[in-house]
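Listing of target.cif; format and content: mmCIF, C-alpha atoms.
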data_model
#
loop_
_atom_site.group_PDB
_atom_site.id
_atom_site.type_symbol
_atom_site.label_atom_id
_atom_site.label_comp_id
_atom_site.auth_asym_id
_atom_site.auth_seq_id
_atom_site.Cartn_x
_atom_site.Cartn_y
_atom_site.Cartn_z
ATOM 1 C CA MET A 21 0.096 100.080 62.086
ATOM 2 C CA LYS A 22 3.879 100.263 62.210
ATOM 3 C CA LYS A 23 5.720 102.176 64.928
ATOM 4 C CA ASP A 24 7.381 104.397 62.293
ATOM 5 C CA ILE A 25 6.393 105.838 58.913
ATOM 6 C CA LEU A 26 9.663 106.020 56.994
ATOM 7 C CA ASP A 27 8.908 105.399 53.318
ATOM 8 C CA MET A 28 6.282 104.047 50.950
ATOM 9 C CA ASP A 29 8.238 100.850 50.321
ATOM 10 C CA SER A 30 7.614 99.594 53.857
ATOM 11 C CA LEU A 31 3.852 100.208 53.767
ATOM 12 C CA SER A 32 1.592 97.413 52.567
ATOM 13 C CA VAL A 33 -1.417 97.983 50.324
ATOM 14 C CA ASN A 34 -3.726 97.355 53.291
ATOM 15 C CA GLU A 35 -1.821 99.844 55.443
ATOM 16 C CA ILE A 36 -2.048 102.470 52.704
ATOM 17 C CA HIS A 37 -5.802 101.868 52.428
ATOM 18 C CA SER A 38 -6.123 102.278 56.211
ATOM 19 C CA ILE A 39 -4.221 105.582 56.161
ATOM 20 C CA LEU A 40 -6.233 106.968 53.241
ATOM 21 C CA ASP A 41 -9.531 105.936 54.863
ATOM 22 C CA MET A 42 -8.506 107.456 58.193
ATOM 23 C CA ALA A 43 -7.490 110.687 56.423
ATOM 24 C CA VAL A 44 -11.047 111.039 55.093
ATOM 25 C CA ASN A 45 -12.324 110.917 58.675
ATOM 26 C CA MET A 46 -9.693 113.392 59.811
ATOM 27 C CA ARG A 47 -10.649 115.847 57.077
ATOM 28 C CA GLU A 48 -14.158 115.973 58.515
ATOM 29 C CA ILE A 49 -12.721 117.213 61.821
ATOM 30 C CA SER A 50 -11.025 120.103 60.016
ATOM 31 C CA GLU A 51 -14.378 121.146 58.547
ATOM 32 C CA ARG A 52 -16.099 121.490 61.933
ATOM 33 C CA PRO A 53 -16.722 124.875 63.562
ATOM 34 C CA ILE A 54 -14.468 123.730 66.430
ATOM 35 C CA LYS A 55 -11.553 121.961 64.786
ATOM 36 C CA LYS A 56 -10.267 120.053 67.782
ATOM 37 C CA VAL A 57 -10.707 116.653 69.424
ATOM 38 C CA PRO A 58 -9.004 115.357 72.588
ATOM 39 C CA THR A 59 -7.760 112.123 71.003
ATOM 40 C CA LEU A 60 -4.026 112.675 71.572
ATOM 41 C CA ARG A 61 -4.233 114.774 74.741
ATOM 42 C CA GLY A 62 -1.100 114.187 76.811
ATOM 43 C CA LYS A 63 0.998 113.101 73.814
ATOM 44 C CA THR A 64 4.133 115.067 72.879
ATOM 45 C CA VAL A 65 5.107 115.610 69.240
ATOM 46 C CA ILE A 66 8.521 117.061 68.313
ATOM 47 C CA LEU A 67 8.880 118.688 64.900
ATOM 48 C CA PHE A 68 12.590 118.459 64.037
ATOM 49 C CA PHE A 69 13.109 120.160 60.667
ATOM 50 C CA TYR A 70 16.749 120.340 59.660
ATOM 51 C CA GLU A 71 15.693 121.674 56.239
ATOM 52 C CA PRO A 72 13.336 124.568 55.431
ATOM 53 C CA SER A 73 9.639 123.785 55.119
ATOM 54 C CA THR A 74 6.356 125.645 54.985
ATOM 55 C CA ARG A 75 3.495 123.293 54.063
ATOM 56 C CA THR A 76 4.815 120.093 55.651
ATOM 57 C CA LYS A 77 5.911 121.627 58.930
ATOM 58 C CA LEU A 78 2.845 123.789 59.384
ATOM 59 C CA SER A 79 0.447 120.976 58.497
ATOM 60 C CA PHE A 80 2.090 118.597 60.987
ATOM 61 C CA ASP A 81 1.850 121.306 63.650
ATOM 62 C CA ILE A 82 -1.819 121.957 62.872
ATOM 63 C CA ALA A 83 -2.497 118.212 62.759
ATOM 64 C CA ALA A 84 -1.001 117.712 66.231
ATOM 65 C CA LYS A 85 -2.938 120.624 67.697
ATOM 66 C CA ARG A 86 -6.246 119.481 66.192
ATOM 67 C CA LEU A 87 -5.739 116.160 67.955
ATOM 68 C CA SER A 88 -4.856 118.025 71.207
ATOM 69 C CA ALA A 89 -1.220 116.845 71.287
ATOM 70 C CA ASP A 90 1.541 119.118 72.581
ATOM 71 C CA SER A 91 3.862 120.030 69.704
ATOM 72 C CA LEU A 92 7.324 121.560 69.938
ATOM 73 C CA SER A 93 9.394 122.732 67.006
ATOM 74 C CA ILE A 94 13.165 122.559 66.458
ATOM 75 C CA SER A 95 14.926 123.863 63.345
ATOM 76 C CA GLY A 96 18.350 122.772 62.171
ATOM 77 C CA SER A 97 19.829 126.224 62.671
ATOM 78 C CA MET A 98 18.562 126.330 66.260
ATOM 79 C CA SER A 99 19.661 122.832 67.245
ATOM 80 C CA SER A 100 22.974 121.640 68.651
ATOM 81 C CA LEU A 101 23.753 119.986 65.316
ATOM 82 C CA VAL A 102 25.235 123.322 64.223
ATOM 83 C CA LYS A 103 27.610 123.036 67.199
ATOM 84 C CA GLY A 104 28.874 119.667 66.051
ATOM 85 C CA GLU A 105 26.518 117.345 67.905
ATOM 86 C CA THR A 106 25.951 114.077 66.066
ATOM 87 C CA LEU A 107 22.520 112.871 65.061
ATOM 88 C CA LEU A 108 22.992 109.931 67.451
ATOM 89 C CA ASP A 109 23.616 112.245 70.412
ATOM 90 C CA THR A 110 20.622 114.298 69.351
ATOM 91 C CA ALA A 111 18.576 111.097 69.307
ATOM 92 C CA LYS A 112 19.732 110.124 72.794
ATOM 93 C CA ASN A 113 18.843 113.543 74.158
ATOM 94 C CA LEU A 114 15.446 113.439 72.513
ATOM 95 C CA GLU A 115 14.883 109.984 73.998
ATOM 96 C CA ALA A 116 15.712 111.330 77.472
ATOM 97 C CA MET A 117 12.868 113.837 77.130
ATOM 98 C CA ASN A 118 10.425 110.973 76.463
ATOM 99 C CA PRO A 119 8.510 112.323 73.448
ATOM 100 C CA ASP A 120 5.831 110.173 71.830
ATOM 101 C CA ILE A 121 6.386 111.103 68.175
ATOM 102 C CA VAL A 122 9.298 112.737 66.352
ATOM 103 C CA ILE A 123 8.731 114.238 62.901
ATOM 104 C CA LEU A 124 12.058 114.542 61.086
ATOM 105 C CA ARG A 125 13.062 116.348 57.918
ATOM 106 C CA HIS A 126 16.737 116.010 57.109
ATOM 107 C CA SER A 127 19.063 116.635 54.180
ATOM 108 C CA TYR A 128 20.640 113.166 54.474
ATOM 109 C CA ALA A 129 18.861 110.151 53.018
ATOM 110 C CA GLY A 130 18.276 107.563 55.733
ATOM 111 C CA ALA A 131 18.370 109.989 58.672
ATOM 112 C CA PRO A 132 14.794 109.135 59.808
ATOM 113 C CA HIS A 133 15.604 105.408 59.591
ATOM 114 C CA PHE A 134 18.670 105.994 61.758
ATOM 115 C CA LEU A 135 16.662 107.938 64.313
ATOM 116 C CA ALA A 136 13.942 105.286 64.395
ATOM 117 C CA ARG A 137 16.490 102.634 65.351
ATOM 118 C CA HIS A 138 17.531 104.650 68.405
ATOM 119 C CA LEU A 139 14.218 106.011 69.650
ATOM 120 C CA LYS A 140 11.362 104.324 71.449
ATOM 121 C CA ALA A 141 9.197 107.145 70.139
ATOM 122 C CA SER A 142 7.562 106.823 66.742
ATOM 123 C CA VAL A 143 9.412 108.547 63.896
ATOM 124 C CA ILE A 144 7.652 109.967 60.850
ATOM 125 C CA ASN A 145 9.760 110.907 57.843
ATOM 126 C CA ALA A 146 8.927 114.415 56.641
ATOM 127 C CA GLY A 147 11.478 114.164 53.823
ATOM 128 C CA ASP A 148 15.047 112.863 53.780
ATOM 129 C CA GLY A 149 17.412 114.102 51.095
ATOM 130 C CA THR A 150 16.322 112.893 47.668
ATOM 131 C CA HIS A 151 15.144 109.574 49.104
ATOM 132 C CA ALA A 152 11.566 109.663 50.370
ATOM 133 C CA HIS A 153 8.630 111.850 51.371
ATOM 134 C CA PRO A 154 5.916 109.358 52.310
ATOM 135 C CA THR A 155 3.406 111.795 53.785
ATOM 136 C CA GLN A 156 3.418 113.836 50.570
ATOM 137 C CA ALA A 157 2.739 110.707 48.515
ATOM 138 C CA LEU A 158 -0.105 109.723 50.833
ATOM 139 C CA LEU A 159 -1.768 113.125 50.608
ATOM 140 C CA ASP A 160 -1.361 113.056 46.824
ATOM 141 C CA MET A 161 -3.024 109.657 46.662
ATOM 142 C CA VAL A 162 -5.941 110.636 48.884
ATOM 143 C CA SER A 163 -6.430 113.801 46.795
ATOM 144 C CA VAL A 164 -6.675 111.774 43.580
ATOM 145 C CA ARG A 165 -8.833 109.045 45.144
ATOM 146 C CA GLN A 166 -11.197 111.704 46.488
ATOM 147 C CA ARG A 167 -11.933 112.852 42.921
ATOM 148 C CA LYS A 168 -11.606 109.574 41.019
ATOM 149 C CA GLY A 169 -13.041 107.122 43.551
ATOM 150 C CA SER A 170 -10.167 104.662 43.128
ATOM 151 C CA LEU A 171 -6.492 104.626 42.186
ATOM 152 C CA GLU A 172 -6.721 101.295 40.364
ATOM 153 C CA GLY A 173 -6.017 101.601 36.640
ATOM 154 C CA LEU A 174 -5.374 105.343 36.616
ATOM 155 C CA LYS A 175 -2.676 106.837 34.405
ATOM 156 C CA VAL A 176 -0.511 109.235 36.422
ATOM 157 C CA ALA A 177 2.146 111.427 34.800
ATOM 158 C CA ILE A 178 4.941 112.927 36.926
ATOM 159 C CA ILE A 179 6.978 115.544 35.107
ATOM 160 C CA GLY A 180 10.058 117.579 35.957
ATOM 161 C CA ASP A 181 13.183 117.153 38.053
ATOM 162 C CA ILE A 182 12.744 113.474 38.856
ATOM 163 C CA ALA A 183 16.383 112.896 39.822
ATOM 164 C CA HIS A 184 16.320 115.226 42.825
ATOM 165 C CA SER A 185 12.713 114.658 43.896
ATOM 166 C CA ARG A 186 11.906 112.543 46.939
ATOM 167 C CA VAL A 187 8.259 113.318 46.149
ATOM 168 C CA ALA A 188 8.562 111.639 42.748
ATOM 169 C CA ARG A 189 10.132 108.505 44.205
ATOM 170 C CA SER A 190 7.530 108.123 46.933
ATOM 171 C CA ASN A 191 4.684 108.715 44.494
ATOM 172 C CA CYS A 192 6.118 106.208 42.027
ATOM 173 C CA VAL A 193 6.098 103.537 44.727
ATOM 174 C CA GLY A 194 2.769 104.534 46.251
ATOM 175 C CA PHE A 195 0.659 104.930 43.113
ATOM 176 C CA THR A 196 2.148 101.795 41.555
ATOM 177 C CA LYS A 197 1.333 99.760 44.675
ATOM 178 C CA MET A 198 -2.254 100.947 44.466
ATOM 179 C CA GLY A 199 -2.628 99.848 40.840
ATOM 180 C CA SER A 200 -1.946 103.068 38.934
ATOM 181 C CA GLN A 201 0.263 103.289 35.853
ATOM 182 C CA VAL A 202 2.966 105.900 36.426
ATOM 183 C CA THR A 203 4.792 107.608 33.569
ATOM 184 C CA LEU A 204 7.739 109.963 34.090
ATOM 185 C CA ALA A 205 9.083 112.708 31.838
ATOM 186 C CA GLY A 206 11.571 115.539 32.049
ATOM 187 C CA PRO A 207 14.955 116.674 30.795
ATOM 188 C CA PRO A 208 17.231 113.650 30.215
ATOM 189 C CA THR A 209 19.698 115.178 32.689
ATOM 190 C CA MET A 210 16.999 115.020 35.368
ATOM 191 C CA ILE A 211 15.880 111.419 34.838
ATOM 192 C CA PRO A 212 17.879 109.020 37.035
ATOM 193 C CA GLN A 213 19.202 105.833 35.496
ATOM 194 C CA GLY A 214 17.319 102.714 36.536
ATOM 195 C CA ILE A 215 14.191 104.544 37.719
ATOM 196 C CA GLU A 216 12.161 102.005 35.713
ATOM 197 C CA SER A 217 12.961 99.480 38.451
ATOM 198 C CA LEU A 218 10.207 101.156 40.481
ATOM 199 C CA GLY A 219 7.678 99.795 38.006
ATOM 200 C CA VAL A 220 7.243 103.032 36.074
ATOM 201 C CA ARG A 221 7.701 104.066 32.441
ATOM 202 C CA VAL A 222 9.926 106.884 31.215
ATOM 203 C CA ALA A 223 8.321 108.723 28.305
ATOM 204 C CA PRO A 224 10.458 110.205 25.517
ATOM 205 C CA THR A 225 8.591 113.531 25.688
ATOM 206 C CA VAL A 226 6.310 115.428 28.043
ATOM 207 C CA ASP A 227 3.513 115.304 25.460
ATOM 208 C CA ASP A 228 3.782 111.507 25.379
ATOM 209 C CA ALA A 229 3.578 111.313 29.189
ATOM 210 C CA ILE A 230 0.503 113.561 29.338
ATOM 211 C CA GLU A 231 -1.369 111.715 26.569
ATOM 212 C CA GLY A 232 -4.497 110.191 28.132
ATOM 213 C CA ALA A 233 -3.399 110.961 31.695
ATOM 214 C CA ASP A 234 -5.911 110.970 34.551
ATOM 215 C CA ALA A 235 -3.586 113.037 36.743
ATOM 216 C CA VAL A 236 -0.528 115.158 35.973
ATOM 217 C CA MET A 237 1.904 116.106 38.706
ATOM 218 C CA MET A 238 4.421 118.840 37.969
ATOM 219 C CA LEU A 239 7.661 119.155 39.931
ATOM 220 C CA ARG A 240 9.863 122.181 40.402
ATOM 221 C CA ILE A 241 13.529 122.229 39.466
ATOM 222 C CA GLN A 242 15.401 121.645 42.716
ATOM 223 C CA LYS A 243 18.399 123.886 42.104
ATOM 224 C CA GLU A 244 19.469 123.623 45.745
ATOM 225 C CA ARG A 245 20.178 119.900 45.250
ATOM 226 C CA GLN A 246 21.879 120.151 41.861
ATOM 227 C CA LYS A 247 25.662 120.189 41.885
ATOM 228 C CA ASP A 248 25.845 121.050 38.189
ATOM 229 C CA THR A 249 23.648 123.109 35.869
ATOM 230 C CA LEU A 250 21.297 120.624 34.244
ATOM 231 C CA MET A 251 19.383 122.964 31.927
ATOM 232 C CA SER A 252 20.064 126.031 29.821
ATOM 233 C CA THR A 253 17.441 128.646 30.722
ATOM 234 C CA GLU A 254 14.102 128.704 32.536
ATOM 235 C CA ARG A 255 12.449 129.980 29.348
ATOM 236 C CA GLU A 256 13.673 126.961 27.422
ATOM 237 C CA TYR A 257 12.593 124.653 30.241
ATOM 238 C CA ALA A 258 9.082 126.142 30.227
ATOM 239 C CA ARG A 259 8.862 125.706 26.461
ATOM 240 C CA TYR A 260 9.795 122.038 26.377
ATOM 241 C CA PHE A 261 8.810 120.725 29.808
ATOM 242 C CA GLY A 262 6.331 123.186 31.318
ATOM 243 C CA LEU A 263 2.594 122.517 31.614
ATOM 244 C CA ASN A 264 0.340 124.926 29.723
ATOM 245 C CA LEU A 265 -3.282 124.709 28.637
ATOM 246 C CA LYS A 266 -2.382 123.631 25.096
ATOM 247 C CA ARG A 267 -0.239 120.752 26.343
ATOM 248 C CA LEU A 268 -2.889 119.752 28.889
ATOM 249 C CA GLU A 269 -5.383 119.097 26.059
ATOM 250 C CA ARG A 270 -3.624 115.766 25.502
ATOM 251 C CA ALA A 271 -4.796 114.504 28.892
ATOM 252 C CA LYS A 272 -8.251 113.156 29.671
ATOM 253 C CA PRO A 273 -11.072 115.736 29.840
ATOM 254 C CA ASP A 274 -11.368 115.281 33.615
ATOM 255 C CA VAL A 275 -7.629 115.370 34.275
ATOM 256 C CA LEU A 276 -6.344 116.451 37.682
ATOM 257 C CA VAL A 277 -3.368 118.823 37.883
ATOM 258 C CA MET A 278 -1.125 118.520 40.931
ATOM 259 C CA HIS A 279 1.987 120.133 42.385
ATOM 260 C CA PRO A 280 3.658 119.422 45.753
ATOM 261 C CA GLY A 281 4.838 123.034 46.054
ATOM 262 C CA PRO A 282 6.464 125.404 46.140
ATOM 263 C CA MET A 283 5.556 126.306 42.561
ATOM 264 C CA ASN A 284 7.672 128.237 40.109
ATOM 265 C CA ARG A 285 4.889 129.831 38.086
ATOM 266 C CA GLY A 286 5.747 130.298 34.452
ATOM 267 C CA VAL A 287 8.503 127.691 34.608
ATOM 268 C CA GLU A 288 7.132 124.193 35.261
ATOM 269 C CA ILE A 289 3.491 125.322 35.337
ATOM 270 C CA ASP A 290 1.603 128.228 33.791
ATOM 271 C CA PRO A 291 -0.546 130.339 36.150
ATOM 272 C CA GLU A 292 -3.739 129.620 34.196
ATOM 273 C CA VAL A 293 -3.164 125.910 34.754
ATOM 274 C CA ALA A 294 -2.189 126.226 38.428
ATOM 275 C CA ASP A 295 -5.287 128.310 39.148
ATOM 276 C CA GLY A 296 -7.585 126.645 36.627
ATOM 277 C CA PRO A 297 -10.501 124.211 36.959
ATOM 278 C CA TYR A 298 -8.311 121.106 36.661
ATOM 279 C CA SER A 299 -6.048 122.080 39.550
ATOM 280 C CA ILE A 300 -6.363 120.293 42.898
ATOM 281 C CA ILE A 301 -3.214 121.882 44.307
ATOM 282 C CA LEU A 302 -5.009 123.520 47.237
ATOM 283 C CA ASP A 303 -6.900 120.276 47.896
ATOM 284 C CA GLN A 304 -3.493 118.659 48.317
ATOM 285 C CA VAL A 305 -2.676 121.183 51.040
ATOM 286 C CA THR A 306 -5.992 120.559 52.817
ATOM 287 C CA ASN A 307 -5.511 116.808 52.598
ATOM 288 C CA GLY A 308 -1.970 117.215 53.913
ATOM 289 C CA VAL A 309 -3.355 118.159 57.312
ATOM 290 C CA ALA A 310 -5.826 115.249 57.210
ATOM 291 C CA VAL A 311 -3.190 112.665 56.260
ATOM 292 C CA ARG A 312 -0.815 113.852 58.962
ATOM 293 C CA MET A 313 -3.594 113.769 61.546
ATOM 294 C CA ALA A 314 -4.274 110.182 60.478
ATOM 295 C CA LEU A 315 -0.625 109.192 60.808
ATOM 296 C CA LEU A 316 -0.224 110.805 64.223
ATOM 297 C CA LEU A 317 -3.282 108.920 65.399
ATOM 298 C CA LEU A 318 -2.287 105.584 63.884
ATOM 299 C CA VAL A 319 1.293 105.512 65.178
ATOM 300 C CA SER A 320 -0.012 106.547 68.604
ATOM 301 C CA GLY A 321 -2.088 103.443 69.063
ATOM 302 C CA GLY A 322 -4.483 102.928 66.241
ATOM 303 C CA ASN A 323 -8.093 103.576 65.500
ATOM 304 C CA ARG A 324 -9.398 105.235 68.626
ATOM 305 C CA ASN A 325 -12.655 107.161 68.806
ATOM 306 C CA VAL A 326 -12.095 110.629 67.341
ATOM 307 C CA ASP A 327 -15.652 111.842 67.732
ATOM 308 C CA SER A 328 -15.532 112.285 71.509
ATOM 309 C CA ASP A 329 -15.796 115.771 72.960
#
Write the structure described by the file as structure tokens, please.
Amino acid sequence: MKKDILDMDSLSVNEIHSILDMAVNMREISERPIKKVPTLRGKTVILFFYEPSTRTKLSFDIAAKRLSADSLSISGSMSSLVKGETLLDTAKNLEAMNPDIVILRHSYAGAPHFLARHLKASVINAGDGTHAHPTQALLDMVSVRQRKGSLEGLKVAIIGDIAHSRVARSNCVGFTKMGSQVTLAGPPTMIPQGIESLGVRVAPTVDDAIEGADAVMMLRIQKERQKDTLMSTEREYARYFGLNLKRLERAKPDVLVMHPGPMNRGVEIDPEVADGPYSIILDQVTNGVAVRMALLLLVSGGNRNVDSD
């Protein structure tokens, strides 16, 4: 396994299979009465989140603790970056403390790559700008594989604010590598030019994208990343691009509904869909801990025995 997990592009098909298989083993640990193994005892994990996060940050923290690693958390507002310190100086100071793994979420695309070049410690990208979110893609893939058995030949629809979504980009690369057919849809103002170069198709309408889909992933509108207003009203967005039960009838009978969170209920997804029998949204959260446990283990030295007491 590589020293760093920075994006889906740099992971081979075999490496992705290894991570997904390891995540299945890690999920079993989380289902035990005592959810803790000593595998990473003595390892130090730093959670450096320059942007807000709930699911990703908490799941990395839980993952580290379940493997008995020591985890410390730094937020952007509490770091010296707000005092003018450069990311390079931050990296040098982190290096001086000799951590084993640094988890970084940053608003600038490429920040985890930069940090990885200057740290001996492993760096895991927890989301950088609109570029990549590899751990989210991996947990999405393991969630679908868990229900479908394989990702090969599946039709996956990703709908919403594609242009500002690092989740969409990572999932496009990941699912396509694993043999799925990925179709995108959303407002034309939210579909980036040239996205087809990732090996995906852009559908003319949401209904077209959902037709015959095995899995449908809905994305929220990322207003915090939009410099201009790219839609008229939320009501209009829900009407033309939101997922409701009527629209979902176009998908396969055993379709899986996904969302990386946080959800805007009634906008991109109706509550009866989010909470309905097709939804695996909470499975995604559960698998998020398992995938991050797997990554912490793999970048720390590989497939060691996790069943020891």
Set the distance at 7 Å and use only C-alpha atoms: which residues neighbour A:Val277 once local chain neighbours fewer than 6 positions away are removed? I'd like the list as a VMD selection string. chain A and resid 235 to 237 298 to 300
If the PyMOL selection byres ((chain A and resi 84) around 9) is run on the structure shown, which residues does it catch, given as a PyMOL selection string? chain A and resi 60+64-65+79-83+85-91+312-313+316
Got time to write the residues from that selection, C-alpha atoms, as a JSON list (two decimals), in the frame of the given file?
[["chain", "number", "residue", "atom", "x", "y", "z"],
["A", 60, "LEU", "CA", -4.03, 112.68, 71.57],
["A", 64, "THR", "CA", 4.13, 115.07, 72.88],
["A", 65, "VAL", "CA", 5.11, 115.61, 69.24],
["A", 79, "SER", "CA", 0.45, 120.98, 58.50],
["A", 80, "PHE", "CA", 2.09, 118.60, 60.99],
["A", 81, "ASP", "CA", 1.85, 121.31, 63.65],
["A", 82, "ILE", "CA", -1.82, 121.96, 62.87],
["A", 83, "ALA", "CA", -2.50, 118.21, 62.76],
["A", 85, "LYS", "CA", -2.94, 120.62, 67.70],
["A", 86, "ARG", "CA", -6.25, 119.48, 66.19],
["A", 87, "LEU", "CA", -5.74, 116.16, 67.96],
["A", 88, "SER", "CA", -4.86, 118.02, 71.21],
["A", 89, "ALA", "CA", -1.22, 116.84, 71.29],
["A", 90, "ASP", "CA", 1.54, 119.12, 72.58],
["A", 91, "SER", "CA", 3.86, 120.03, 69.70],
["A", 312, "ARG", "CA", -0.82, 113.85, 58.96],
["A", 313, "MET", "CA", -3.59, 113.77, 61.55],
["A", 316, "LEU", "CA", -0.22, 110.80, 64.22]]
Could you tell me, as number ranges by chain, exactly which residues end up selected when the PyMOL selection byres ((chain A and resi 68-77) around 6) is applied to this structure? A: 67, 78-80, 94-96, 123-126
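The two atoms in question, atom CA of A:Val143 and atom CA of A:Gly199, are spaced 27.4 Å apart.
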Could you build a table of the residues in stretch 248-313 of chain A lying no more than 10 Å from stretch 21-45 of chain A, giving for each the nearest pair of atoms and their separation in Å rounded to one decimal place, using all atoms listed in the file, ordered by chain and ascending residue number, as a Markdown table?
| residue | atom | partner | partner_atom | distance |
| --- | --- | --- | --- | --- |
| A:Asn307 | CA | A:Ala43 | CA | 7.5 |
| A:Gly308 | CA | A:Ala43 | CA | 8.9 |
| A:Val309 | CA | A:Ala43 | CA | 8.6 |
| A:Ala310 | CA | A:Ala43 | CA | 4.9 |
| A:Val311 | CA | A:Ala43 | CA | 4.7 |
| A:Arg312 | CA | A:Ala43 | CA | 7.8 |
| A:Met313 | CA | A:Ala43 | CA | 7.1 |
Let me make sure I understand: among A:Ser163, A:Thr150, A:Gln213, A:Thr59, which one has the smallest atom-to-atom distance to A:Arg189 if we use all atoms listed in the file? A:Thr150
Per-residue nearest contacts of stretch 131-177 of chain A to stretch 106-121 of chain A (8 Å; all atoms listed in the file) as CSV:
residue,atom,partner,partner_atom,distance
A:Leu135,CA,A:Ala111,CA,6.2
A:His138,CA,A:Ala111,CA,6.6
A:Leu139,CA,A:Glu115,CA,5.9
A:Lys140,CA,A:Glu115,CA,7.1
A:Ala141,CA,A:Asp120,CA,4.8
A:Ser142,CA,A:Ile121,CA,4.7
A:Val143,CA,A:Ile121,CA,5.8
A:Ile144,CA,A:Ile121,CA,7.5
As a compact mmCIF listing (two decimals) with C-alpha atoms, in the coordinates of the input, please: the residues near A:Arg255 (cut-off 10 Å, all atoms listed in the file, same-chain neighbours under 5 positions excluded).
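Result went into around.txt, see below:
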# COMPACT_ATOMS: atom_id res chain seq x y z
CA TYR A 260 9.80 122.04 26.38
CA PHE A 261 8.81 120.72 29.81
CA GLY A 262 6.33 123.19 31.32
CA GLY A 286 5.75 130.30 34.45
CA VAL A 287 8.50 127.69 34.61
CA GLU A 288 7.13 124.19 35.26
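Taking atom CA of A:Cys192 and atom CA of A:Gly296 as the two end points, the separation is 25.2 Å.
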Spatial neighbours of A:Ser190, max dist 6 Å, all atoms listed in the file, sep filter under 5 positions, as a PyMOL selection string: chain A and resi 28+152-154+157
